[in-house]
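model_2.tsv (TSV, N, CA and C atoms) appears below.
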```tsv
chain	number	residue	atom	x	y	z
A	1323	MET	N	-14.22	-2.39	-14.44
A	1323	MET	CA	-13.07	-2.81	-13.67
A	1323	MET	C	-12.41	-1.63	-12.98
A	1324	TRP	N	-12.20	-0.51	-13.69
A	1324	TRP	CA	-11.61	0.68	-13.08
A	1324	TRP	C	-12.71	1.49	-12.41
A	1325	ILE	N	-12.41	2.00	-11.21
A	1325	ILE	CA	-13.35	2.87	-10.51
A	1325	ILE	C	-12.63	4.16	-10.14
A	1326	GLU	N	-13.40	5.25	-10.07
A	1326	GLU	CA	-12.85	6.54	-9.66
A	1326	GLU	C	-13.16	6.77	-8.20
A	1327	ILE	N	-12.10	6.90	-7.39
A	1327	ILE	CA	-12.24	7.18	-5.96
A	1327	ILE	C	-11.14	8.16	-5.58
A	1328	ASP	N	-11.50	9.23	-4.89
A	1328	ASP	CA	-10.53	10.20	-4.36
A	1328	ASP	C	-9.56	10.70	-5.44
A	1329	ASN	N	-10.09	11.09	-6.58
A	1329	ASN	CA	-9.27	11.60	-7.69
A	1329	ASN	C	-8.23	10.60	-8.18
A	1330	LYS	N	-8.57	9.33	-8.12
A	1330	LYS	CA	-7.69	8.28	-8.64
A	1330	LYS	C	-8.53	7.26	-9.39
A	1331	LEU	N	-7.95	6.70	-10.45
A	1331	LEU	CA	-8.53	5.52	-11.09
A	1331	LEU	C	-7.92	4.32	-10.40
A	1332	LYS	N	-8.76	3.42	-9.91
A	1332	LYS	CA	-8.27	2.28	-9.15
A	1332	LYS	C	-8.79	0.98	-9.74
A	1333	ALA	N	-7.93	-0.04	-9.67
A	1333	ALA	CA	-8.34	-1.38	-10.09
A	1333	ALA	C	-7.50	-2.41	-9.35
A	1334	GLU	N	-8.09	-3.57	-9.17
A	1334	GLU	CA	-7.38	-4.71	-8.59
A	1334	GLU	C	-7.45	-5.87	-9.57
A	1335	PHE	N	-6.36	-6.57	-9.70
A	1335	PHE	CA	-6.25	-7.68	-10.63
A	1335	PHE	C	-5.77	-8.91	-9.86
A	1336	GLN	N	-6.37	-10.04	-10.17
A	1336	GLN	CA	-5.97	-11.29	-9.52
A	1336	GLN	C	-5.51	-12.28	-10.58
A	1337	PHE	N	-4.42	-12.97	-10.28
A	1337	PHE	CA	-3.82	-13.92	-11.20
A	1337	PHE	C	-3.72	-15.28	-10.53
A	1338	ASP	N	-3.28	-16.27	-11.29
A	1338	ASP	CA	-3.23	-17.62	-10.73
A	1338	ASP	C	-1.99	-17.87	-9.89
A	1339	SER	N	-1.01	-16.97	-9.93
A	1339	SER	CA	0.21	-17.17	-9.14
A	1339	SER	C	0.95	-15.85	-8.98
A	1340	PHE	N	1.93	-15.84	-8.10
A	1340	PHE	CA	2.79	-14.68	-7.93
A	1340	PHE	C	3.55	-14.38	-9.21
A	1341	VAL	N	4.05	-15.42	-9.87
A	1341	VAL	CA	4.81	-15.22	-11.10
A	1341	VAL	C	3.95	-14.56	-12.18
A	1342	SER	N	2.71	-14.97	-12.31
A	1342	SER	CA	1.80	-14.36	-13.29
A	1342	SER	C	1.54	-12.89	-12.95
A	1343	ALA	N	1.34	-12.61	-11.67
A	1343	ALA	CA	1.11	-11.23	-11.25
A	1343	ALA	C	2.34	-10.37	-11.54
A	1344	PHE	N	3.51	-10.91	-11.25
A	1344	PHE	CA	4.75	-10.16	-11.47
A	1344	PHE	C	5.00	-9.95	-12.97
A	1345	ALA	N	4.68	-10.94	-13.78
A	1345	ALA	CA	4.83	-10.80	-15.24
A	1345	ALA	C	3.92	-9.68	-15.75
A	1346	PHE	N	2.70	-9.62	-15.24
A	1346	PHE	CA	1.77	-8.54	-15.60
A	1346	PHE	C	2.35	-7.19	-15.22
A	1347	MET	N	2.89	-7.08	-14.02
A	1347	MET	CA	3.48	-5.83	-13.57
A	1347	MET	C	4.65	-5.42	-14.47
A	1348	THR	N	5.43	-6.38	-14.90
A	1348	THR	CA	6.55	-6.09	-15.79
A	1348	THR	C	6.06	-5.51	-17.10
A	1349	LYS	N	5.01	-6.09	-17.65
A	1349	LYS	CA	4.44	-5.58	-18.90
A	1349	LYS	C	3.91	-4.16	-18.71
A	1350	VAL	N	3.22	-3.93	-17.59
A	1350	VAL	CA	2.70	-2.60	-17.30
A	1350	VAL	C	3.86	-1.61	-17.15
A	1351	ALA	N	4.93	-2.04	-16.52
A	1351	ALA	CA	6.08	-1.16	-16.31
A	1351	ALA	C	6.65	-0.66	-17.63
A	1352	PHE	N	6.76	-1.54	-18.61
A	1352	PHE	CA	7.28	-1.13	-19.92
A	1352	PHE	C	6.36	-0.12	-20.60
A	1353	ILE	N	5.05	-0.35	-20.50
A	1353	ILE	CA	4.08	0.59	-21.09
A	1353	ILE	C	4.15	1.93	-20.37
A	1354	ALA	N	4.15	1.90	-19.05
A	1354	ALA	CA	4.18	3.13	-18.26
A	1354	ALA	C	5.45	3.93	-18.54
A	1355	GLU	N	6.56	3.26	-18.65
A	1355	GLU	CA	7.82	3.94	-18.92
A	1355	GLU	C	7.79	4.61	-20.30
A	1356	LYS	N	7.24	3.91	-21.27
A	1356	LYS	CA	7.14	4.46	-22.63
A	1356	LYS	C	6.24	5.70	-22.64
A	1357	MET	N	5.19	5.67	-21.81
A	1357	MET	CA	4.26	6.80	-21.73
A	1357	MET	C	4.77	7.89	-20.78
A	1358	ASP	N	5.82	7.60	-20.03
A	1358	ASP	CA	6.33	8.48	-18.97
A	1358	ASP	C	5.20	8.83	-18.00
A	1359	HIS	N	4.47	7.80	-17.62
A	1359	HIS	CA	3.33	7.95	-16.71
A	1359	HIS	C	3.28	6.71	-15.82
A	1360	HIS	N	3.69	6.87	-14.57
A	1360	HIS	CA	3.94	5.72	-13.71
A	1360	HIS	C	2.86	5.56	-12.65
A	1361	PRO	N	2.39	4.34	-12.46
A	1361	PRO	CA	1.31	4.09	-11.50
A	1361	PRO	C	1.82	3.99	-10.07
A	1362	ASN	N	0.91	4.20	-9.15
A	1362	ASN	CA	1.12	3.77	-7.76
A	1362	ASN	C	0.51	2.38	-7.71
A	1363	TRP	N	1.28	1.42	-7.21
A	1363	TRP	CA	0.74	0.06	-7.21
A	1363	TRP	C	1.36	-0.77	-6.11
A	1364	SER	N	0.73	-1.91	-5.87
A	1364	SER	CA	1.25	-2.86	-4.90
A	1364	SER	C	0.93	-4.27	-5.37
A	1365	ASN	N	1.69	-5.20	-4.85
A	1365	ASN	CA	1.52	-6.61	-5.20
A	1365	ASN	C	1.62	-7.43	-3.93
A	1366	VAL	N	0.61	-8.25	-3.70
A	1366	VAL	CA	0.65	-9.23	-2.61
A	1366	VAL	C	0.28	-10.56	-3.23
A	1367	TYR	N	1.26	-11.47	-3.28
A	1367	TYR	CA	1.16	-12.78	-3.88
A	1367	TYR	C	0.58	-12.71	-5.29
A	1368	ASN	N	-0.69	-13.04	-5.47
A	1368	ASN	CA	-1.25	-13.08	-6.83
A	1368	ASN	C	-2.16	-11.89	-7.15
A	1369	LYS	N	-2.13	-10.86	-6.31
A	1369	LYS	CA	-2.99	-9.70	-6.51
A	1369	LYS	C	-2.15	-8.45	-6.76
A	1370	VAL	N	-2.61	-7.65	-7.73
A	1370	VAL	CA	-1.97	-6.38	-8.06
A	1370	VAL	C	-3.02	-5.29	-7.94
A	1371	SER	N	-2.72	-4.27	-7.15
A	1371	SER	CA	-3.59	-3.10	-7.00
A	1371	SER	C	-2.91	-1.92	-7.67
A	1372	ILE	N	-3.67	-1.19	-8.48
A	1372	ILE	CA	-3.11	-0.06	-9.22
A	1372	ILE	C	-3.97	1.17	-8.97
A	1373	GLU	N	-3.30	2.31	-8.74
A	1373	GLU	CA	-3.95	3.61	-8.64
A	1373	GLU	C	-3.30	4.54	-9.65
A	1374	LEU	N	-4.11	5.22	-10.43
A	1374	LEU	CA	-3.61	6.15	-11.43
A	1374	LEU	C	-4.13	7.56	-11.16
A	1375	SER	N	-3.22	8.50	-11.16
A	1375	SER	CA	-3.55	9.92	-11.15
A	1375	SER	C	-2.35	10.65	-11.76
A	1376	THR	N	-2.57	11.87	-12.19
A	1376	THR	CA	-1.51	12.62	-12.85
A	1376	THR	C	-0.92	13.60	-11.84
A	1377	HIS	N	0.29	13.30	-11.41
A	1377	HIS	CA	0.95	14.11	-10.38
A	1377	HIS	C	1.20	15.54	-10.86
A	1378	ASP	N	1.60	15.68	-12.14
A	1378	ASP	CA	1.90	17.00	-12.70
A	1378	ASP	C	0.66	17.90	-12.79
A	1379	ALA	N	-0.52	17.29	-12.74
A	1379	ALA	CA	-1.77	18.07	-12.84
A	1379	ALA	C	-2.41	18.27	-11.48
A	1380	GLY	N	-1.67	17.98	-10.42
A	1380	GLY	CA	-2.21	18.17	-9.08
A	1380	GLY	C	-2.89	16.93	-8.52
A	1381	ASN	N	-2.42	15.76	-8.95
A	1381	ASN	CA	-2.96	14.48	-8.46
A	1381	ASN	C	-4.44	14.33	-8.73
A	1382	ILE	N	-4.81	14.61	-9.97
A	1382	ILE	CA	-6.19	14.38	-10.41
A	1382	ILE	C	-6.15	13.41	-11.60
A	1383	ILE	N	-7.30	12.91	-11.96
A	1383	ILE	CA	-7.41	12.00	-13.10
A	1383	ILE	C	-7.43	12.83	-14.38
A	1384	THR	N	-6.56	12.46	-15.31
A	1384	THR	CA	-6.52	13.14	-16.61
A	1384	THR	C	-6.61	12.08	-17.72
A	1385	GLU	N	-6.57	12.54	-18.95
A	1385	GLU	CA	-6.62	11.62	-20.09
A	1385	GLU	C	-5.43	10.66	-20.06
A	1386	LYS	N	-4.30	11.10	-19.54
A	1386	LYS	CA	-3.14	10.21	-19.44
A	1386	LYS	C	-3.48	8.97	-18.61
A	1387	ASP	N	-4.24	9.16	-17.55
A	1387	ASP	CA	-4.63	8.04	-16.69
A	1387	ASP	C	-5.58	7.10	-17.41
A	1388	HIS	N	-6.54	7.67	-18.11
A	1388	HIS	CA	-7.48	6.84	-18.87
A	1388	HIS	C	-6.76	6.07	-19.98
A	1389	GLN	N	-5.79	6.73	-20.61
A	1389	GLN	CA	-5.04	6.06	-21.67
A	1389	GLN	C	-4.22	4.91	-21.11
A	1390	LEU	N	-3.55	5.11	-19.99
A	1390	LEU	CA	-2.78	4.03	-19.38
A	1390	LEU	C	-3.70	2.90	-18.93
A	1391	ALA	N	-4.85	3.23	-18.38
A	1391	ALA	CA	-5.81	2.21	-17.96
A	1391	ALA	C	-6.25	1.37	-19.16
A	1392	ARG	N	-6.50	2.01	-20.29
A	1392	ARG	CA	-6.90	1.26	-21.50
A	1392	ARG	C	-5.77	0.32	-21.95
A	1393	GLU	N	-4.54	0.81	-21.89
A	1393	GLU	CA	-3.41	-0.03	-22.29
A	1393	GLU	C	-3.24	-1.22	-21.33
A	1394	ILE	N	-3.46	-0.98	-20.06
A	1394	ILE	CA	-3.38	-2.07	-19.07
A	1394	ILE	C	-4.47	-3.11	-19.36
A	1395	ASP	N	-5.68	-2.63	-19.64
A	1395	ASP	CA	-6.78	-3.55	-19.94
A	1395	ASP	C	-6.48	-4.42	-21.17
A	1396	LYS	N	-5.79	-3.86	-22.15
A	1396	LYS	CA	-5.43	-4.64	-23.35
A	1396	LYS	C	-4.55	-5.83	-23.01
A	1397	LEU	N	-3.76	-5.71	-21.96
A	1397	LEU	CA	-2.88	-6.82	-21.55
A	1397	LEU	C	-3.66	-8.03	-21.06
A	1398	LEU	N	-4.89	-7.81	-20.65
A	1398	LEU	CA	-5.70	-8.88	-20.07
A	1398	LEU	C	-6.57	-9.59	-21.08
A	1399	LYS	N	-6.52	-9.18	-22.34
A	1399	LYS	CA	-7.36	-9.80	-23.37
A	1399	LYS	C	-6.67	-10.98	-23.99
```

I'd like the structure from this file rewritten - as structure tokens, please.
Amino acid sequence: MWIEIDNKLKAEFQFDSFVSAFAFMTKVAFIAEKMDHHPNWSNVYNKVSIELSTHDAGNIITEKDHQLAREIDKLLK
């Protein structure tokens, strides 16, 4: 699901409605805030696009990004 492109981990998620997509984003927001690691993301209707990189490390992929990606994936199980 996650792919590495241009020093970013990227994924797109599709839900059955805008409300479901927004609920997912809310859950991700709480996890990201707790980790102090915030994604670049966008939402259009039922789709959420997420890009992860570590700004403090020069905008490259680090273990923090992989850890957040794993936590995001757990939300979908």

**Prompt:** Around (3.8, 4.2, -15.5) in the file's frame, which residues reach within 12 Å when counting only C-alpha atoms? Return as number ranges by chain?
**Reply:** A: 1347-1363, 1372-1377, 1386-1387, 1389-1391, 1393-1394

Mind running segment 1362-1385 of chain A against segment 1334-1337 of chain A at 6.5 Å and telling me each contacting residue's nearest atom pair with the distance in Å (one decimal), counting only N, CA and C atoms, chain and number ascending, as a tab-separated table?
```
residue	atom	partner	partner_atom	distance
A:Asn1368	C	A:Phe1337	N	4.0
A:Lys1369	CA	A:Phe1335	C	4.4
A:Val1370	C	A:Phe1335	N	4.0
A:Ser1371	CA	A:Glu1334	CA	4.4
A:Ile1372	N	A:Glu1334	N	5.1
```

**Asked** In terms of the shortest atom-to-atom distance over all atoms listed in the file, which of A:Ser1342, A:Val1366, A:Asp1395, A:Ile1382 is closest to Lys1330 of chain A?
**Response**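 Of the candidates, the smallest distance to Lys1330 of chain A is held by A:Ile1382.
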
Just list as an mmCIF file with N, CA and C atoms, in the frame of the given file whatever in chain A DSSP marks as strand (DSSP E or B).
```
data_model
loop_
_atom_site.group_PDB
_atom_site.id
_atom_site.type_symbol
_atom_site.label_atom_id
_atom_site.label_comp_id
_atom_site.auth_asym_id
_atom_site.auth_seq_id
_atom_site.Cartn_x
_atom_site.Cartn_y
_atom_site.Cartn_z
ATOM 1 N N ILE A 1325 -12.410 2.000 -11.210
ATOM 2 C CA ILE A 1325 -13.350 2.870 -10.510
ATOM 3 C C ILE A 1325 -12.630 4.160 -10.140
ATOM 4 N N GLU A 1326 -13.400 5.250 -10.070
ATOM 5 C CA GLU A 1326 -12.850 6.540 -9.660
ATOM 6 C C GLU A 1326 -13.160 6.770 -8.200
ATOM 7 N N ILE A 1327 -12.100 6.900 -7.390
ATOM 8 C CA ILE A 1327 -12.240 7.180 -5.960
ATOM 9 C C ILE A 1327 -11.140 8.160 -5.580
ATOM 10 N N LYS A 1330 -8.570 9.330 -8.120
ATOM 11 C CA LYS A 1330 -7.690 8.280 -8.640
ATOM 12 C C LYS A 1330 -8.530 7.260 -9.390
ATOM 13 N N LEU A 1331 -7.950 6.700 -10.450
ATOM 14 C CA LEU A 1331 -8.530 5.520 -11.090
ATOM 15 C C LEU A 1331 -7.920 4.320 -10.400
ATOM 16 N N LYS A 1332 -8.760 3.420 -9.910
ATOM 17 C CA LYS A 1332 -8.270 2.280 -9.150
ATOM 18 C C LYS A 1332 -8.790 0.980 -9.740
ATOM 19 N N ALA A 1333 -7.930 -0.040 -9.670
ATOM 20 C CA ALA A 1333 -8.340 -1.380 -10.090
ATOM 21 C C ALA A 1333 -7.500 -2.410 -9.350
ATOM 22 N N GLU A 1334 -8.090 -3.570 -9.170
ATOM 23 C CA GLU A 1334 -7.380 -4.710 -8.590
ATOM 24 C C GLU A 1334 -7.450 -5.870 -9.570
ATOM 25 N N PHE A 1335 -6.360 -6.570 -9.700
ATOM 26 C CA PHE A 1335 -6.250 -7.680 -10.630
ATOM 27 C C PHE A 1335 -5.770 -8.910 -9.860
ATOM 28 N N GLN A 1336 -6.370 -10.040 -10.170
ATOM 29 C CA GLN A 1336 -5.970 -11.290 -9.520
ATOM 30 C C GLN A 1336 -5.510 -12.280 -10.580
ATOM 31 N N ASN A 1362 0.910 4.200 -9.150
ATOM 32 C CA ASN A 1362 1.120 3.770 -7.760
ATOM 33 C C ASN A 1362 0.510 2.380 -7.710
ATOM 34 N N TRP A 1363 1.280 1.420 -7.210
ATOM 35 C CA TRP A 1363 0.740 0.060 -7.210
ATOM 36 C C TRP A 1363 1.360 -0.770 -6.110
ATOM 37 N N SER A 1364 0.730 -1.910 -5.870
ATOM 38 C CA SER A 1364 1.250 -2.860 -4.900
ATOM 39 C C SER A 1364 0.930 -4.270 -5.370
ATOM 40 N N ASN A 1365 1.690 -5.200 -4.850
ATOM 41 C CA ASN A 1365 1.520 -6.610 -5.200
ATOM 42 C C ASN A 1365 1.620 -7.430 -3.930
ATOM 43 N N VAL A 1366 0.610 -8.250 -3.700
ATOM 44 C CA VAL A 1366 0.650 -9.230 -2.610
ATOM 45 C C VAL A 1366 0.280 -10.560 -3.230
ATOM 46 N N LYS A 1369 -2.130 -10.860 -6.310
ATOM 47 C CA LYS A 1369 -2.990 -9.700 -6.510
ATOM 48 C C LYS A 1369 -2.150 -8.450 -6.760
ATOM 49 N N VAL A 1370 -2.610 -7.650 -7.730
ATOM 50 C CA VAL A 1370 -1.970 -6.380 -8.060
ATOM 51 C C VAL A 1370 -3.020 -5.290 -7.940
ATOM 52 N N SER A 1371 -2.720 -4.270 -7.150
ATOM 53 C CA SER A 1371 -3.590 -3.100 -7.000
ATOM 54 C C SER A 1371 -2.910 -1.920 -7.670
ATOM 55 N N ILE A 1372 -3.670 -1.190 -8.480
ATOM 56 C CA ILE A 1372 -3.110 -0.060 -9.220
ATOM 57 C C ILE A 1372 -3.970 1.170 -8.970
ATOM 58 N N GLU A 1373 -3.300 2.310 -8.740
ATOM 59 C CA GLU A 1373 -3.950 3.610 -8.640
ATOM 60 C C GLU A 1373 -3.300 4.540 -9.650
ATOM 61 N N LEU A 1374 -4.110 5.220 -10.430
ATOM 62 C CA LEU A 1374 -3.610 6.150 -11.430
ATOM 63 C C LEU A 1374 -4.130 7.560 -11.160
ATOM 64 N N THR A 1376 -2.570 11.870 -12.190
ATOM 65 C CA THR A 1376 -1.510 12.620 -12.850
ATOM 66 C C THR A 1376 -0.920 13.600 -11.840
ATOM 67 N N ILE A 1382 -4.810 14.610 -9.970
ATOM 68 C CA ILE A 1382 -6.190 14.380 -10.410
ATOM 69 C C ILE A 1382 -6.150 13.410 -11.600
#
```

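Atom pair atom N of Ser1339 of chain A / atom CA of Lys1399 of chain A: separated by 16.5 Å.
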
**Asked** How far is it from atom CA of Lys1396 of chain A to atom N of Asn1329 of chain A, in Å with one decimal?
**Response** 23.5 Å

Starting from the structure just given, write a file holding segment 1374-1394 of chain A with N, CA and C atoms, as a PDB file, in the first residue's frame.
```pdb
ATOM      1  N   LEU A1374       4.508  10.978   3.796  1.00  0.00           N
ATOM      2  CA  LEU A1374       5.292  11.026   5.021  1.00  0.00           C
ATOM      3  C   LEU A1374       6.772  11.219   4.707  1.00  0.00           C
ATOM      4  N   SER A1375       7.374  12.174   5.371  1.00  0.00           N
ATOM      5  CA  SER A1375       8.820  12.349   5.377  1.00  0.00           C
ATOM      6  C   SER A1375       9.167  13.090   6.665  1.00  0.00           C
ATOM      7  N   THR A1376      10.418  13.028   7.052  1.00  0.00           N
ATOM      8  CA  THR A1376      10.824  13.648   8.305  1.00  0.00           C
ATOM      9  C   THR A1376      11.495  14.976   7.989  1.00  0.00           C
ATOM     10  N   HIS A1377      10.803  16.046   8.306  1.00  0.00           N
ATOM     11  CA  HIS A1377      11.284  17.395   7.986  1.00  0.00           C
ATOM     12  C   HIS A1377      12.585  17.711   8.722  1.00  0.00           C
ATOM     13  N   ASP A1378      12.675  17.290   9.992  1.00  0.00           N
ATOM     14  CA  ASP A1378      13.863  17.561  10.805  1.00  0.00           C
ATOM     15  C   ASP A1378      15.113  16.852  10.282  1.00  0.00           C
ATOM     16  N   ALA A1379      14.917  15.823   9.468  1.00  0.00           N
ATOM     17  CA  ALA A1379      16.054  15.060   8.932  1.00  0.00           C
ATOM     18  C   ALA A1379      16.367  15.456   7.489  1.00  0.00           C
ATOM     19  N   GLY A1380      15.786  16.557   7.037  1.00  0.00           N
ATOM     20  CA  GLY A1380      16.051  17.015   5.678  1.00  0.00           C
ATOM     21  C   GLY A1380      15.061  16.479   4.663  1.00  0.00           C
ATOM     22  N   ASN A1381      13.830  16.225   5.116  1.00  0.00           N
ATOM     23  CA  ASN A1381      12.764  15.744   4.222  1.00  0.00           C
ATOM     24  C   ASN A1381      13.110  14.426   3.548  1.00  0.00           C
ATOM     25  N   ILE A1382      13.577  13.495   4.360  1.00  0.00           N
ATOM     26  CA  ILE A1382      13.832  12.138   3.879  1.00  0.00           C
ATOM     27  C   ILE A1382      12.979  11.169   4.707  1.00  0.00           C
ATOM     28  N   ILE A1383      12.902   9.945   4.252  1.00  0.00           N
ATOM     29  CA  ILE A1383      12.152   8.917   4.968  1.00  0.00           C
ATOM     30  C   ILE A1383      13.018   8.377   6.096  1.00  0.00           C
ATOM     31  N   THR A1384      12.459   8.360   7.297  1.00  0.00           N
ATOM     32  CA  THR A1384      13.165   7.812   8.457  1.00  0.00           C
ATOM     33  C   THR A1384      12.274   6.773   9.134  1.00  0.00           C
ATOM     34  N   GLU A1385      12.776   6.200  10.211  1.00  0.00           N
ATOM     35  CA  GLU A1385      11.995   5.212  10.954  1.00  0.00           C
ATOM     36  C   GLU A1385      10.707   5.831  11.496  1.00  0.00           C
ATOM     37  N   LYS A1386      10.715   7.118  11.805  1.00  0.00           N
ATOM     38  CA  LYS A1386       9.498   7.780  12.275  1.00  0.00           C
ATOM     39  C   LYS A1386       8.384   7.659  11.235  1.00  0.00           C
ATOM     40  N   ASP A1387       8.741   7.779   9.970  1.00  0.00           N
ATOM     41  CA  ASP A1387       7.749   7.676   8.898  1.00  0.00           C
ATOM     42  C   ASP A1387       7.208   6.261   8.786  1.00  0.00           C
ATOM     43  N   HIS A1388       8.105   5.295   8.857  1.00  0.00           N
ATOM     44  CA  HIS A1388       7.675   3.894   8.797  1.00  0.00           C
ATOM     45  C   HIS A1388       6.785   3.548   9.995  1.00  0.00           C
ATOM     46  N   GLN A1389       7.136   4.083  11.158  1.00  0.00           N
ATOM     47  CA  GLN A1389       6.337   3.814  12.350  1.00  0.00           C
ATOM     48  C   GLN A1389       4.944   4.420  12.216  1.00  0.00           C
ATOM     49  N   LEU A1390       4.852   5.653  11.743  1.00  0.00           N
ATOM     50  CA  LEU A1390       3.537   6.270  11.552  1.00  0.00           C
ATOM     51  C   LEU A1390       2.744   5.516  10.494  1.00  0.00           C
ATOM     52  N   ALA A1391       3.383   5.093   9.428  1.00  0.00           N
ATOM     53  CA  ALA A1391       2.697   4.322   8.387  1.00  0.00           C
ATOM     54  C   ALA A1391       2.123   3.027   8.967  1.00  0.00           C
ATOM     55  N   ARG A1392       2.883   2.354   9.809  1.00  0.00           N
ATOM     56  CA  ARG A1392       2.384   1.116  10.440  1.00  0.00           C
ATOM     57  C   ARG A1392       1.167   1.406  11.327  1.00  0.00           C
ATOM     58  N   GLU A1393       1.229   2.503  12.066  1.00  0.00           N
ATOM     59  CA  GLU A1393       0.099   2.865  12.924  1.00  0.00           C
ATOM     60  C   GLU A1393      -1.140   3.211  12.090  1.00  0.00           C
ATOM     61  N   ILE A1394      -0.933   3.879  10.980  1.00  0.00           N
ATOM     62  CA  ILE A1394      -2.047   4.207  10.084  1.00  0.00           C
ATOM     63  C   ILE A1394      -2.661   2.917   9.528  1.00  0.00           C
TER      64      ILE A1394
END
```
